[in-house]
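*Asks:* Quick one: the structure is below, and I'll ask about it shortly.
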Amino acid sequence: MYCKIAPWSDSTIHKIQINNKVNAVLEINNLKKNYGKICAVDDLSLRIEEGNVYGILGPNGSGKTTTLSIIMDIIRADQGSFSWFGQVSSVEIKRKIGALIEVPYFYPYLSAEKNLRIIAEIKNVALSNIDRVLQLTHLSERKHTRFDAYSLGMKQRLALAAAMLGDPQVLVLDEPTNGLDPEGIAEVRQIIKIEAAKGKTVILASHILDEVEKVCTHVAVLKKGKLIASGKVKELLDSGEKIIVSATDSDHLQKILSGARFINNIERNNNDFILVLDAPYTAVDINRFTHENGIVLSKLLTQQKSLESQFLELVKQ
Amino acid sequence: MKKLLHLELIKNLSYTNFWVIAGLWALLYVLIMIIICMINIGLPGIESKPYLQFPQVWSMGTWIASFFNLLLGIIMIVSVSNEFAFKTFRSQMICGLTRNQLIAGKGLFTILLAVFSMVIVFLVSLVIGIIYTNFGSETSIFEKSYLLLVYFIQAIAYMAMGLFIAVIIRNAALSILTFILYFFPMEFILRSFLPETVQQFFPVKIISNLTPSPDIFQLSASPQMVTNINGQISEGAPPVADLPLNIILIVSIAYIVIFYAASVMIIRKRNL
């Protein structure tokens, strides 16, 4: 069903979101897991909907892998629950999910093809599927090579191939670009984008902000097992443009700027002023505002607040 | 079932170490049997070797084979601890096998291995029996061949025990060490503190008593023993009467069930 939503109608959006609740692919409720005294996942609740490319972002040791391991049933949670497609996890459901958790695990003495055959058989996938995923990940030529002779990047690509066996509806990927060269990283991202474009749901854990920003539609930020922020990538990470202005008469400019109501924050750096504006306002408004107040700017720069710094800001909170 | 067995075959048949251990098993067994055929017990008045004739040869063949069951147990230990070491139990769970199926696959592979080793014991004993038996009218070739089935249960019991130890310890080297040390002397030490009636029911005692020694010397030295063969196992009259074979069989099967049940319980509880 396709719905056109009027951009001004917030209530419509709200209603659609409520309707979408039926299509939750994964729901996590108050998940908790301790390793001894260390709390790996602390009261985590998430909701991932169909078609989302959901990034789980967090520094090392923030509980990403533990969370994914719990939802794939390989680690038992101490508390809380999760459901796939509104149901308790089962063998049938798992066959609809392609997962790559942390490091790829295969039989080192078997060839790539035989390793994939084991997985295909478990998932009840036709063996013809193996060639398809090997081609997607550019491993066809090396399919008869033993797994332990693979390079780190090739191992990672084989793990991705294994996850995509049987064309699953959901992909759970834990740091899929780990150990890949820049070309490999670009390829993997491309593969994820293609899968997402087919309407698949992708859950992607990563500590690389850039990756989440480039690939994901939604993001949850974890820190020490706690959810500290979640939402659409655009809303969460794109906000907070910085605008740098200067004029010949800096003091006069400062006076005028401090009178502007739509400026959230002013920071002076010698003759430059670094401004953060309130939501709908942009550089255009600053330019107009100063001009109306009789000042001609000698410098007007828009600077995307670096994602890295925003991420660090989030994590610091 | 077929799927689980097929998975085990893909995993193990391409594994060099599996072939090394299985090959050693077959080679050593055949060689020892050949050596036994060549031994001359220098007692006067014995023309041929009764223990190499039908039906005694079944007892001899299975008794010798039982020494090499440790190797079968080790095959199972290596197979299971590899799954932990390579974390492939974990990846197979992610793909949609249940924890029960992980153990079930090993169980099916155990049965397959036991069948193969039984077939080898059967063939070797059959050939030796044919060579050394002076066929008379009353020779009953398959009289004691039920011992092959007993050996089959014994092989499964060894492998079940190997599986159990590997599931607990998860490390191949330590598991093999524990396995061998338990056979000797750990269980022996444990047993010696307990009354004899209890001693009889210890797993290694029970499992190795499935195929008792054919008691070569008494058999060949005392003529009345020859007539005494009527399917009874304990010809040698040991100091403490051994349990009858059917009891030993039942207890052995109970141990197999316990080992599997315990392995499943452990696998279910642990993080993989």
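All residue names refer to the structure tokens as shown: chains lettered A, B, ... in order, residues numbered from 1 in each chain, ligands numbered from 1 in order.
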Check every residue of chain A for an atom within 10 Å of chain B, counting only C-alpha atoms, and provide those that qualify as a PyMOL selection string.
*Replies:* chain A and resi 69-77+90-101+103-111+114-115+117-124+162-163+165
*Asks:* Could you name the residues that touch segment 102-115 of chain B at 6 Å or less, counting only C-alpha atoms, but leaving out those on the same chain fewer than 5 positions away, as an MDAnalysis selection string?
*Replies:* chainID B and resid 4:5 152 155
*Asks:* Could the residues in this selection be saved with C-alpha atoms as a PDB file, in the first residue's frame?
*Replies:*
```pdb
ATOM      1  CA  LEU B   4      21.737 -33.692   9.957  1.00  0.00           C
ATOM      2  CA  LEU B   5      23.668 -36.773   8.934  1.00  0.00           C
ATOM      3  CA  PHE B 152      28.170 -52.004  18.352  1.00  0.00           C
ATOM      4  CA  ALA B 155      31.345 -48.429  20.393  1.00  0.00           C
TER       5      ALA B 155
END
```
*Asks:* Pull the closest atom pair for each residue of segment 47-133 of chain B that gets at most 8 Å from segment 198-212 of chain B, along with the distance in Å to one decimal, counting only C-alpha atoms, ordering rows by chain and then ascending residue number, as a Markdown table.
*Replies:*
```
| residue | atom | partner | partner_atom | distance |
| --- | --- | --- | --- | --- |
| B:Ser59 | CA | B:Thr211 | CA | 7.3 |
| B:Thr62 | CA | B:Thr211 | CA | 6.4 |
| B:Trp63 | CA | B:Thr211 | CA | 5.3 |
| B:Ser66 | CA | B:Thr211 | CA | 7.0 |
```
*Asks:* Put those residues in a file: all heavy atoms, as a CSV table (one decimal), in the first residue's frame.
*Replies:*
```csv
chain,number,residue,atom,x,y,z
B,59,SER,N,34.3,-63.7,19.7
B,59,SER,CA,34.7,-63.1,21.0
B,59,SER,C,36.0,-62.4,20.9
B,59,SER,O,36.2,-61.3,21.4
B,59,SER,CB,34.7,-64.3,22.0
B,59,SER,OG,35.1,-63.8,23.2
B,62,THR,N,35.9,-59.1,18.7
B,62,THR,CA,35.3,-57.9,19.4
B,62,THR,C,36.1,-57.5,20.6
B,62,THR,O,36.2,-56.3,20.9
B,62,THR,CB,33.8,-58.3,19.8
B,62,THR,OG1,33.9,-59.5,20.5
B,62,THR,CG2,32.9,-58.4,18.6
B,63,TRP,N,36.7,-58.5,21.2
B,63,TRP,CA,37.5,-58.1,22.4
B,63,TRP,C,38.7,-57.2,22.0
B,63,TRP,O,39.0,-56.2,22.6
B,63,TRP,CB,38.0,-59.4,23.1
B,63,TRP,CG,38.9,-59.1,24.3
B,63,TRP,CD1,38.5,-58.4,25.4
B,63,TRP,CD2,40.2,-59.5,24.5
B,63,TRP,NE1,39.5,-58.3,26.3
B,63,TRP,CE2,40.6,-59.0,25.8
B,63,TRP,CE3,41.1,-60.3,23.8
B,63,TRP,CZ2,41.9,-59.3,26.3
B,63,TRP,CZ3,42.4,-60.5,24.3
B,63,TRP,CH2,42.7,-60.0,25.6
B,66,SER,N,37.7,-53.8,21.0
B,66,SER,CA,37.2,-52.9,22.1
B,66,SER,C,38.4,-52.0,22.6
B,66,SER,O,38.2,-51.0,23.1
B,66,SER,CB,36.6,-53.7,23.2
B,66,SER,OG,37.6,-54.5,23.9
```
*Asks:* Would you list, as a PyMOL selection string, the residues of segment 172-234 of chain A that end up in strand (DSSP E or B) under DSSP run on this structure's backbone?
*Replies:* chain A and resi 172-174+201-206+218-223+226-232
*Asks:* Would you mind exporting N, CA and C atoms of the selected residues as a short mmCIF file (atom, residue, chain, number, x, y, z; two decimals), in the first residue's frame?
*Replies:*
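Below you can see again01.cif, which holds the result:
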```
data_model
loop_
_atom_site.label_atom_id
_atom_site.label_comp_id
_atom_site.auth_asym_id
_atom_site.auth_seq_id
_atom_site.Cartn_x
_atom_site.Cartn_y
_atom_site.Cartn_z
N VAL A 172 20.88 -9.36 9.38
CA VAL A 172 21.46 -8.85 10.63
C VAL A 172 22.97 -8.85 10.45
N LEU A 173 23.56 -7.68 10.38
CA LEU A 173 24.98 -7.60 10.06
C LEU A 173 25.73 -6.89 11.17
N ASP A 174 26.70 -7.58 11.71
CA ASP A 174 27.49 -6.99 12.79
C ASP A 174 28.85 -6.58 12.22
N THR A 201 14.69 -5.61 5.27
CA THR A 201 15.04 -4.95 6.51
C THR A 201 16.49 -5.31 6.83
N VAL A 202 17.26 -4.29 7.15
CA VAL A 202 18.66 -4.54 7.48
C VAL A 202 18.94 -4.00 8.88
N ILE A 203 19.53 -4.82 9.71
CA ILE A 203 19.96 -4.35 11.03
C ILE A 203 21.48 -4.37 11.02
N LEU A 204 22.06 -3.21 11.18
CA LEU A 204 23.50 -3.08 10.97
C LEU A 204 24.16 -2.50 12.22
N ALA A 205 25.01 -3.28 12.84
CA ALA A 205 25.73 -2.75 13.99
C ALA A 205 27.07 -2.24 13.51
N SER A 206 27.47 -1.10 14.02
CA SER A 206 28.74 -0.54 13.57
C SER A 206 29.26 0.46 14.58
N HIS A 218 17.60 4.54 9.82
CA HIS A 218 17.34 4.78 11.25
C HIS A 218 18.59 4.42 12.04
N VAL A 219 18.69 4.97 13.22
CA VAL A 219 19.86 4.66 14.03
C VAL A 219 19.50 4.65 15.51
N ALA A 220 20.14 3.74 16.24
CA ALA A 220 20.04 3.76 17.69
C ALA A 220 21.48 3.86 18.19
N VAL A 221 21.70 4.75 19.12
CA VAL A 221 23.05 4.92 19.64
C VAL A 221 23.12 4.27 21.02
N LEU A 222 24.08 3.39 21.18
CA LEU A 222 24.25 2.69 22.45
C LEU A 222 25.50 3.18 23.15
N LYS A 223 25.43 3.19 24.46
CA LYS A 223 26.62 3.47 25.24
C LYS A 223 26.54 2.64 26.51
N LYS A 226 23.38 0.97 27.22
CA LYS A 226 22.16 1.78 27.35
C LYS A 226 21.84 2.48 26.04
N LEU A 227 20.57 2.58 25.75
CA LEU A 227 20.15 3.31 24.57
C LEU A 227 20.17 4.80 24.91
N ILE A 228 21.03 5.58 24.20
CA ILE A 228 21.06 6.99 24.57
C ILE A 228 20.38 7.87 23.54
N ALA A 229 20.15 7.35 22.35
CA ALA A 229 19.40 8.12 21.37
C ALA A 229 18.93 7.18 20.30
N SER A 230 17.77 7.48 19.69
CA SER A 230 17.36 6.69 18.54
C SER A 230 16.42 7.52 17.68
N GLY A 231 16.36 7.17 16.43
CA GLY A 231 15.48 7.90 15.52
C GLY A 231 15.98 7.81 14.10
N LYS A 232 15.44 8.69 13.25
CA LYS A 232 15.90 8.68 11.87
C LYS A 232 17.29 9.29 11.79
#
```
*Asks:* Any idea what the distance is between atom CA of Val233 of chain A and atom CA of Val212 of chain A?
*Replies:*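 Calculated distance between atom CA of Val233 of chain A and atom CA of Val212 of chain A is 8.1 Å.
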*Asks:* Can you tell me, as a PyMOL selection string, what residues are no more than 12 Å from Ala161 of chain A when counting only C-alpha atoms, ignoring any on the same chain fewer than 4 positions away?
*Replies:* chain A and resi 98-100+104+112-113+115-117+119-120+129-140+143+154-157+165-168+171+173+176+188+191-192
*Asks:* Please, what distance in Å, to one decimal, runs between atom CA of Thr66 of chain A and atom CA of Gln169 of chain A?
*Replies:*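 Interatomic distance here is 21.9 Å.
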*Asks:* Skipping near chain neighbours, those fewer than 4 positions away, what residues fall within 7 Å of Asp278 of chain A using only C-alpha atoms, listed as a PyMOL selection string?
*Replies:* chain A and resi 262-264
*Asks:* Which is closer to Ile256 of chain B than all the others in B:Ser175, B:Gln154, B:Gln101, B:Ser192, using only C-alpha atoms?
*Replies:* B:Gln154
*Asks:* Excluding segment 287-290 of chain A and its own-chain neighbours fewer than 3 positions away, which residues fall within 9 Å of it when counting only C-alpha atoms? Please give them as a ChimeraX atom specification.
*Replies:* /A:253,256-257,260,283-284,293-297,300
*Asks:* Using only C-alpha atoms, determine which residues lie at most 8 Å from segment 20-25 of chain B, disregarding the query and same-chain residues fewer than 6 positions distant; provide the list as an NGL selection string.
*Replies:* :B and (68 or 71-72 or 75)
*Asks:* Keeping only C-alpha atoms, take the residues you just selected and write them out as a compact mmCIF listing (two decimals), in the first residue's frame.
*Replies:*
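The file below, again27.txt, is the result:
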```
# COMPACT_ATOMS: atom_id res chain seq x y z
CA PHE B 68 40.59 -49.39 19.93
CA LEU B 71 40.08 -43.96 19.13
CA LEU B 72 36.40 -43.81 18.20
CA ILE B 75 37.13 -39.00 16.87
```
